[in-house]
$ cat my_file-v1.csv   # CSV, C-alpha atoms and all ligand atoms
chain,number,residue,atom,x,y,z
K,1,MET,CA,23.2,1.8,-14.9
K,2,SER,CA,21.7,1.0,-18.3
K,3,PRO,CA,18.0,0.4,-18.0
K,4,ALA,CA,18.4,-2.9,-19.9
K,5,THR,CA,20.9,-4.4,-17.5
K,6,ASP,CA,20.4,-8.1,-16.9
K,7,LEU,CA,18.4,-9.4,-14.0
K,8,ARG,CA,20.0,-12.6,-13.0
K,9,ILE,CA,18.2,-15.1,-10.7
K,10,PRO,CA,19.5,-18.5,-9.6
K,11,ARG,CA,17.1,-21.1,-11.1
K,12,SER,CA,16.4,-22.7,-7.7
K,13,LEU,CA,15.4,-19.3,-6.2
K,14,TRP,CA,13.2,-18.6,-9.3
K,15,ASP,CA,11.4,-22.0,-9.0
K,16,ARG,CA,10.8,-21.5,-5.3
K,17,LEU,CA,9.5,-18.0,-6.0
K,18,VAL,CA,7.1,-19.1,-8.6
K,19,ALA,CA,5.7,-22.0,-6.5
K,20,GLU,CA,5.4,-19.7,-3.4
K,21,LEU,CA,3.6,-16.9,-5.4
K,22,HIS,CA,1.1,-19.5,-6.6
K,23,ALA,CA,0.6,-20.8,-3.1
K,24,ARG,CA,0.1,-17.3,-1.8
K,25,THR,CA,-2.8,-16.7,-4.2
K,26,GLU,CA,-4.7,-18.9,-1.7
K,27,GLY,CA,-6.4,-21.0,-4.4
K,28,GLU,CA,-6.2,-18.3,-7.0
K,29,SER,CA,-8.5,-16.1,-5.0
K,30,HIS,CA,-6.3,-13.0,-5.4
K,31,GLU,CA,-3.0,-11.7,-6.8
K,32,SER,CA,0.3,-12.2,-4.9
K,33,GLY,CA,3.7,-10.7,-5.3
K,34,ALA,CA,7.1,-10.0,-3.9
K,35,PHE,CA,10.1,-7.7,-4.0
K,36,LEU,CA,13.3,-9.2,-5.3
K,37,LEU,CA,16.3,-8.1,-3.3
K,38,GLY,CA,20.0,-8.3,-4.3
K,39,HIS,CA,22.9,-6.4,-5.7
K,40,THR,CA,24.0,-4.6,-8.8
K,41,THR,CA,27.2,-6.0,-10.1
K,42,GLU,CA,29.2,-5.6,-13.3
K,43,GLN,CA,27.3,-8.5,-14.8
K,44,GLY,CA,24.0,-6.7,-14.0
K,45,ARG,CA,21.5,-7.1,-11.2
K,46,ARG,CA,21.6,-10.3,-9.2
K,47,VAL,CA,18.7,-11.5,-7.0
K,48,THR,CA,19.7,-13.1,-3.7
K,49,ASP,CA,16.6,-12.8,-1.6
K,50,VAL,CA,12.8,-12.5,-1.8
K,51,LEU,CA,10.4,-10.4,0.3
K,52,TYR,CA,6.8,-11.4,-0.1
K,53,PHE,CA,4.2,-8.5,-0.1
K,54,ASP,CA,2.0,-10.4,2.4
K,55,ASP,CA,4.8,-10.8,4.8
K,56,LEU,CA,5.4,-7.0,4.6
K,57,HIS,CA,1.7,-6.2,4.9
K,58,PRO,CA,-0.8,-9.0,5.5
K,59,GLU,CA,-3.7,-7.0,4.0
K,60,VAL,CA,-1.9,-6.3,0.8
K,61,HIS,CA,-4.3,-8.5,-1.3
K,62,ALA,CA,-7.5,-7.7,0.5
K,63,GLY,CA,-8.8,-5.8,-2.6
K,64,GLY,CA,-7.7,-8.6,-4.9
K,65,VAL,CA,-4.8,-6.6,-6.4
K,66,VAL,CA,-1.6,-5.3,-4.9
K,67,GLU,CA,-2.0,-2.4,-2.6
K,68,LEU,CA,0.9,-1.5,-0.4
K,69,PRO,CA,0.5,1.4,2.1
K,70,ALA,CA,3.4,3.8,2.9
K,71,ALA,CA,4.0,1.8,6.2
K,72,ALA,CA,4.9,-1.3,4.2
K,73,PHE,CA,7.5,0.7,2.2
K,74,ARG,CA,9.0,2.0,5.5
K,75,THR,CA,9.3,-1.6,6.6
K,76,LEU,CA,10.8,-2.5,3.2
K,77,TRP,CA,13.4,0.2,3.4
K,78,ALA,CA,14.3,-0.8,7.0
K,79,ILE,CA,14.8,-4.4,5.9
K,80,VAL,CA,16.9,-3.4,2.9
K,81,ARG,CA,19.2,-1.2,5.0
K,82,GLU,CA,19.5,-3.9,7.7
K,83,ARG,CA,20.4,-6.6,5.1
K,84,GLY,CA,22.6,-4.4,3.0
K,85,VAL,CA,20.8,-5.2,-0.2
K,86,GLN,CA,18.9,-3.3,-2.9
K,87,VAL,CA,15.4,-3.8,-4.3
K,88,VAL,CA,16.4,-4.9,-7.8
K,89,ALA,CA,12.9,-5.8,-9.1
K,90,ASP,CA,9.3,-6.6,-8.1
K,91,VAL,CA,7.1,-9.4,-9.3
K,92,HIS,CA,3.4,-10.1,-9.1
K,93,VAL,CA,0.9,-12.5,-10.6
K,94,HIS,CA,-2.1,-11.8,-12.8
K,95,PRO,CA,-5.1,-14.1,-13.3
K,96,TYR,CA,-4.6,-14.4,-17.1
K,97,SER,CA,-2.1,-12.6,-19.2
K,98,ALA,CA,1.2,-11.1,-18.2
K,99,GLY,CA,0.3,-7.7,-19.6
K,100,GLN,CA,0.5,-4.6,-17.4
K,101,SER,CA,-2.7,-3.1,-16.1
K,102,TRP,CA,-3.4,0.6,-16.2
K,103,ILE,CA,-2.7,0.6,-12.4
K,104,ASP,CA,0.6,-1.2,-12.9
K,105,ARG,CA,1.7,1.4,-15.5
K,106,LYS,CA,0.5,4.4,-13.5
K,107,ASN,CA,1.7,3.2,-10.1
K,108,PRO,CA,5.2,1.7,-10.3
K,109,LEU,CA,6.0,0.2,-6.8
K,110,ILE,CA,9.5,1.6,-7.1
K,111,ALA,CA,9.5,4.7,-9.3
K,112,THR,CA,13.2,4.6,-10.2
K,113,ARG,CA,14.4,4.6,-13.8
K,114,GLY,CA,15.6,1.2,-14.7
K,115,HIS,CA,13.5,-0.6,-12.0
K,116,VAL,CA,12.2,-4.0,-13.3
K,117,ALA,CA,8.6,-5.1,-12.8
K,118,ILE,CA,7.9,-8.8,-13.6
K,119,ILE,CA,4.4,-10.2,-14.1
K,120,LEU,CA,3.6,-13.9,-14.1
K,121,PRO,CA,0.5,-15.1,-15.9
K,122,ASN,CA,-2.2,-17.5,-14.7
K,123,PHE,CA,-1.7,-16.9,-11.0
K,124,ALA,CA,1.7,-18.4,-11.4
K,125,ARG,CA,0.1,-21.8,-11.9
K,126,PRO,CA,2.6,-24.5,-12.9
K,127,ARG,CA,4.2,-24.6,-15.3
K,128,ILE,CA,5.3,-21.0,-15.9
K,129,ARG,CA,7.5,-20.8,-19.0
K,130,ARG,CA,10.1,-18.1,-19.3
K,131,TRP,CA,8.6,-16.7,-22.6
K,132,SER,CA,5.2,-16.2,-20.9
K,133,VAL,CA,6.6,-13.9,-18.3
K,134,GLY,CA,6.1,-10.2,-18.6
K,135,VAL,CA,9.2,-8.1,-18.0
K,136,TYR,CA,8.9,-4.3,-17.8
K,137,VAL,CA,11.6,-1.7,-17.3
K,138,TYR,CA,10.6,1.6,-15.8
K,139,GLU,CA,11.7,4.6,-17.9
K,140,GLY,CA,10.3,7.3,-15.7
K,141,ASP,CA,7.2,9.5,-16.2
K,142,HIS,CA,4.9,6.4,-16.2
K,143,GLN,CA,6.6,5.0,-19.3
K,144,TRP,CA,7.8,1.4,-19.5
K,145,GLN,CA,9.8,-0.7,-21.9
K,146,ALA,CA,8.3,-4.2,-22.4
K,147,LEU,CA,11.1,-6.8,-22.6
K,148,GLY,CA,9.3,-10.0,-21.9
K,149,GLY,CA,8.2,-12.7,-24.4
K,150,CYS,CA,10.3,-14.9,-26.7
K,151,GLY,CA,13.1,-12.4,-27.2
K,152,ASN,CA,13.4,-11.8,-23.4
K,153,ARG,CA,17.1,-11.6,-22.7
K,154,LEU,CA,16.8,-9.4,-19.6
K,155,LEU,CA,15.6,-12.1,-17.2
K,156,VAL,CA,18.4,-14.7,-16.9
K,157,LEU,CA,17.9,-17.8,-14.9
K,158,GLU,CA,21.3,-19.0,-13.7
K,159,THR,CA,22.2,-22.6,-13.2
K,160,ASP,CA,23.0,-23.1,-9.5
K,161,HIS,CA,26.6,-24.1,-8.8
K,162,GLU,CA,27.9,-24.4,-5.3
Y,201,ZN,ZN,-0.8,-6.0,-12.0
$ encode --input "my_file-v1.csv" --output "structure tokens"
Amino acid sequence: MSPATDLRIPRSLWDRLVAELHARTEGESHESGAFLLGHTTEQGRRVTDVLYFDDLHPEVHAGGVVELPAAAFRTLWAIVRERGVQVVADVHVHPYSAGQSWIDRKNPLIATRGHVAIILPNFARPRIRRWSVGVYVYEGDHQWQALGGCGNRLLVLETDHE
């Protein structure tokens, strides 16, 4: 799979995700985040489901930033197997900018080449515009390709059609 394969998210799911991530900062007192689950298709990666970090591990934000212990990953892999989906990306919020921290760069949550890490600025406070979102593709060996900003074509918000 090409590292720059699209990440497609239904707009309604994206809107719910952003609102929920803001709510889960508990009044902007700490970061929040989630794994994005779904499938890899010929059109790219498609998100169908969201798994919030604090549902996996209630103490994840006790230190203010994202800290997931090995047990949380064991739970994650069990859920992924049970639902027959893949982890296609992760997303977390930052207080101000959507740039990666040193910790974000050094500790990919999923250390697979091509994995996508999304960062939402301003604690995901409304309204989050697509160009303000940080999109980073893991290239291995603690290297990332930054694909967010105005030229961001990797993150595709799909119109919902039933
Ligand atoms: Zn971060």
$ closest_residue --input "my_file-v1.csv" --among "K:His94, K:Arg105, K:Arg24, K:Arg130" --to "Gly149 in chain K" --atoms "only C-alpha atoms"
K:Arg130
$ residues_around --input "my_file-v1.csv" --residues "Val66 in chain K" --least-positions-apart "3" --cutoff "10 Å" --atoms "all atoms listed in the file" --output "compact mmCIF listing (two decimals) with C-alpha atoms, in the frame of the given file"
# COMPACT_ATOMS: atom_id res chain seq x y z
CA HIS K 30 -6.30 -13.00 -5.40
CA GLU K 31 -3.00 -11.70 -6.80
CA SER K 32 0.30 -12.20 -4.90
CA GLY K 33 3.70 -10.70 -5.30
CA ALA K 34 7.10 -10.00 -3.90
CA PHE K 53 4.20 -8.50 -0.10
CA ASP K 54 2.00 -10.40 2.40
CA GLU K 59 -3.70 -7.00 4.00
CA VAL K 60 -1.90 -6.30 0.80
CA HIS K 61 -4.30 -8.50 -1.30
CA ALA K 62 -7.50 -7.70 0.50
CA GLY K 63 -8.80 -5.80 -2.60
CA PRO K 69 0.50 1.40 2.10
CA HIS K 92 3.40 -10.10 -9.10
CA VAL K 93 0.90 -12.50 -10.60
CA ILE K 103 -2.70 0.60 -12.40
CA ASP K 104 0.60 -1.20 -12.90
CA LEU K 109 6.00 0.20 -6.80
$ closest_residue --input "my_file-v1.csv" --among "K:Leu17, K:Leu56, K:Ala72, K:Val135" --to "ligand ZN 201 (chain Y)" --atoms "all atoms listed in the file"
K:Val135
$ atom_distance --input "my_file-v1.csv" --atom1 "CA of Asp55 in chain K" --atom2 "CA of His39 in chain K"
21.4 Å
$ residues_around --input "my_file-v1.csv" --residues "Gly99 in chain K" --least-positions-apart "5" --cutoff "9 Å" --atoms "only C-alpha atoms" --output "ChimeraX atom specification"
/K:94,119-121,133-134
$ atom_distance --input "my_file-v1.csv" --atom1 "CA of Ala124 in chain K" --atom2 "CA of Ala98 in chain K"
10.0 Å
$ closest_residue --input "my_file-v1.csv" --among "K:Ile79, K:Leu7, K:Val91, K:Ile118" --to "Gly148 in chain K" --atoms "only C-alpha atoms"
K:Ile118
$ closest_residue --input "my_file-v1.csv" --among "K:Tyr138, K:Tyr52, K:Phe35, K:Tyr96" --to "Ala23 in chain K" --atoms "all atoms listed in the file"
K:Tyr52
$ atom_distance --input "my_file-v1.csv" --atom1 "CA of Gly114 in chain K" --atom2 "CA of Arg46 in chain K"
14.1 Å
$ closest_residue --input "my_file-v1.csv" --among "K:Asp49, K:Asp160, K:Glu67, K:Asp141" --to "ligand ZN 201 (chain Y)" --atoms "only C-alpha atoms and all ligand atoms"
K:Glu67
$ closest_residue --input "my_file-v1.csv" --among "K:Thr48, K:Tyr136, K:Trp131, K:Thr112" --to "Asn152 in chain K" --atoms "only C-alpha atoms"
K:Trp131
$ decode --input "my_file-v1.csv" --residues "range 4-147 of chain K" --atoms "C-alpha atoms" --output "compact mmCIF listing (two decimals), in the first residue's frame"
# COMPACT_ATOMS: atom_id res chain seq x y z
CA ALA K 4 0.02 8.42 0.61
CA THR K 5 -3.18 6.40 0.11
CA ASP K 6 -6.33 8.37 0.85
CA LEU K 7 -7.94 8.29 4.25
CA ARG K 8 -11.68 8.60 3.67
CA ILE K 9 -14.08 9.44 6.48
CA PRO K 10 -17.84 9.98 6.15
CA ARG K 11 -18.48 13.62 7.03
CA SER K 12 -21.09 12.75 9.68
CA LEU K 13 -18.61 10.43 11.42
CA TRP K 14 -15.91 13.14 11.25
CA ASP K 15 -18.25 15.77 12.74
CA ARG K 16 -19.21 13.41 15.58
CA LEU K 17 -15.54 12.53 16.15
CA VAL K 18 -14.44 16.16 16.40
CA ALA K 19 -17.31 17.07 18.77
CA GLU K 20 -16.67 14.01 20.92
CA LEU K 21 -12.91 14.64 21.12
CA HIS K 22 -13.59 18.20 22.28
CA ALA K 23 -16.06 16.96 24.91
CA ARG K 24 -13.54 14.37 26.12
CA THR K 25 -10.96 17.07 26.93
CA GLU K 26 -13.27 17.77 29.92
CA GLY K 27 -13.26 21.52 29.56
CA GLU K 28 -9.91 21.60 27.74
CA SER K 29 -8.11 20.25 30.81
CA HIS K 30 -6.17 17.56 28.92
CA GLU K 31 -5.69 16.05 25.46
CA SER K 32 -8.05 13.44 24.03
CA GLY K 33 -7.82 10.99 21.17
CA ALA K 34 -9.05 7.94 19.36
CA PHE K 35 -8.12 5.15 17.01
CA LEU K 36 -9.89 5.21 13.66
CA LEU K 37 -10.94 1.74 12.57
CA GLY K 38 -11.94 0.61 9.12
CA HIS K 39 -10.78 -1.10 5.97
CA THR K 40 -8.27 -0.70 3.21
CA THR K 41 -9.99 -0.74 -0.17
CA GLU K 42 -8.91 0.03 -3.74
CA GLN K 43 -9.96 3.64 -3.14
CA GLY K 44 -7.74 3.86 -0.07
CA ARG K 45 -8.41 3.58 3.60
CA ARG K 46 -11.98 4.06 4.77
CA VAL K 47 -12.89 4.79 8.38
CA THR K 48 -16.05 3.09 9.64
CA ASP K 49 -15.67 3.17 13.39
CA VAL K 50 -13.98 5.09 16.21
CA LEU K 51 -12.45 3.79 19.42
CA TYR K 52 -11.71 6.51 21.99
CA PHE K 53 -8.52 6.23 24.02
CA ASP K 54 -10.33 6.84 27.31
CA ASP K 55 -12.76 4.01 26.58
CA LEU K 56 -9.76 1.71 26.08
CA HIS K 57 -7.93 2.99 29.13
CA PRO K 58 -9.67 5.48 31.49
CA GLU K 59 -6.35 6.86 32.84
CA VAL K 60 -4.95 7.60 29.36
CA HIS K 61 -4.98 11.38 29.91
CA ALA K 62 -3.99 11.45 33.58
CA GLY K 63 -0.65 13.04 32.63
CA GLY K 64 -2.32 15.56 30.28
CA VAL K 65 -0.99 13.88 27.14
CA VAL K 66 -1.73 10.52 25.53
CA GLU K 67 -0.18 7.60 27.42
CA LEU K 68 -1.45 4.16 26.51
CA PRO K 69 0.00 1.15 28.33
CA ALA K 70 0.59 -2.23 26.69
CA ALA K 71 -2.66 -3.55 28.19
CA ALA K 72 -4.64 -0.93 26.24
CA PHE K 73 -3.05 -2.17 23.02
CA ARG K 74 -3.93 -5.76 23.89
CA THR K 75 -7.55 -4.65 24.29
CA LEU K 76 -7.32 -2.72 21.01
CA TRP K 77 -6.04 -5.75 19.07
CA ALA K 78 -8.76 -7.97 20.60
CA ILE K 79 -11.49 -5.49 19.53
CA VAL K 80 -9.99 -5.16 16.04
CA ARG K 81 -9.94 -8.95 15.62
CA GLU K 82 -13.48 -9.33 16.96
CA ARG K 83 -14.91 -6.62 14.66
CA GLY K 84 -12.86 -7.72 11.64
CA VAL K 85 -11.46 -4.24 11.03
CA GLN K 86 -8.04 -2.60 10.87
CA VAL K 87 -6.59 0.40 12.68
CA VAL K 88 -6.31 2.82 9.76
CA ALA K 89 -5.28 5.94 11.70
CA ASP K 90 -5.14 7.59 15.08
CA VAL K 91 -6.20 11.09 16.03
CA HIS K 92 -5.51 13.27 19.05
CA VAL K 93 -5.99 16.89 20.00
CA HIS K 94 -3.38 19.46 20.98
CA PRO K 95 -3.98 22.64 23.03
CA TYR K 96 -2.79 25.02 20.30
CA SER K 97 -1.18 24.07 17.02
CA ALA K 98 -1.54 20.82 15.09
CA GLY K 99 2.20 20.25 14.89
CA GLN K 100 3.70 17.00 16.15
CA SER K 101 5.45 17.06 19.51
CA TRP K 102 8.81 15.40 20.01
CA ILE K 103 6.97 12.59 21.81
CA ASP K 104 4.52 12.20 18.91
CA ARG K 105 7.42 11.82 16.47
CA LYS K 106 9.42 9.44 18.64
CA ASN K 107 6.51 7.29 19.80
CA PRO K 108 4.13 6.42 16.97
CA LEU K 109 1.08 4.70 18.50
CA ILE K 110 1.11 2.29 15.59
CA ALA K 111 4.65 1.92 14.26
CA THR K 112 3.67 0.63 10.83
CA ARG K 113 4.91 2.29 7.66
CA GLY K 114 1.99 4.19 6.10
CA HIS K 115 0.10 4.59 9.37
CA VAL K 116 -1.65 7.97 9.58
CA ALA K 117 -1.61 10.14 12.71
CA ILE K 118 -4.00 13.11 12.76
CA ILE K 119 -3.68 16.06 15.13
CA LEU K 120 -6.53 18.52 15.75
CA PRO K 121 -5.59 22.01 17.02
CA ASN K 122 -7.22 24.05 19.83
CA PHE K 123 -8.49 21.03 21.79
CA ALA K 124 -10.81 20.36 18.80
CA ARG K 125 -12.82 23.41 19.83
CA PRO K 126 -15.42 24.30 17.17
CA ARG K 127 -15.01 25.01 14.47
CA ILE K 128 -12.18 22.83 13.17
CA ARG K 129 -11.42 23.55 9.54
CA ARG K 130 -9.90 20.88 7.39
CA TRP K 131 -6.82 22.97 6.48
CA SER K 132 -6.00 23.41 10.17
CA VAL K 133 -5.74 19.66 10.75
CA GLY K 134 -2.31 18.03 11.02
CA VAL K 135 -1.94 14.85 8.96
CA TYR K 136 1.24 12.79 9.34
CA VAL K 137 2.15 9.57 7.59
CA TYR K 138 4.65 7.30 9.32
CA GLU K 139 7.60 6.37 7.15
CA GLY K 140 9.37 4.17 9.66
CA ASP K 141 12.47 4.85 11.73
CA HIS K 142 10.75 7.77 13.53
CA GLN K 143 10.35 9.70 10.26
CA TRP K 144 7.04 11.23 9.22
CA GLN K 145 5.68 12.88 6.13
CA ALA K 146 3.53 15.93 6.94
CA LEU K 147 0.54 16.11 4.61
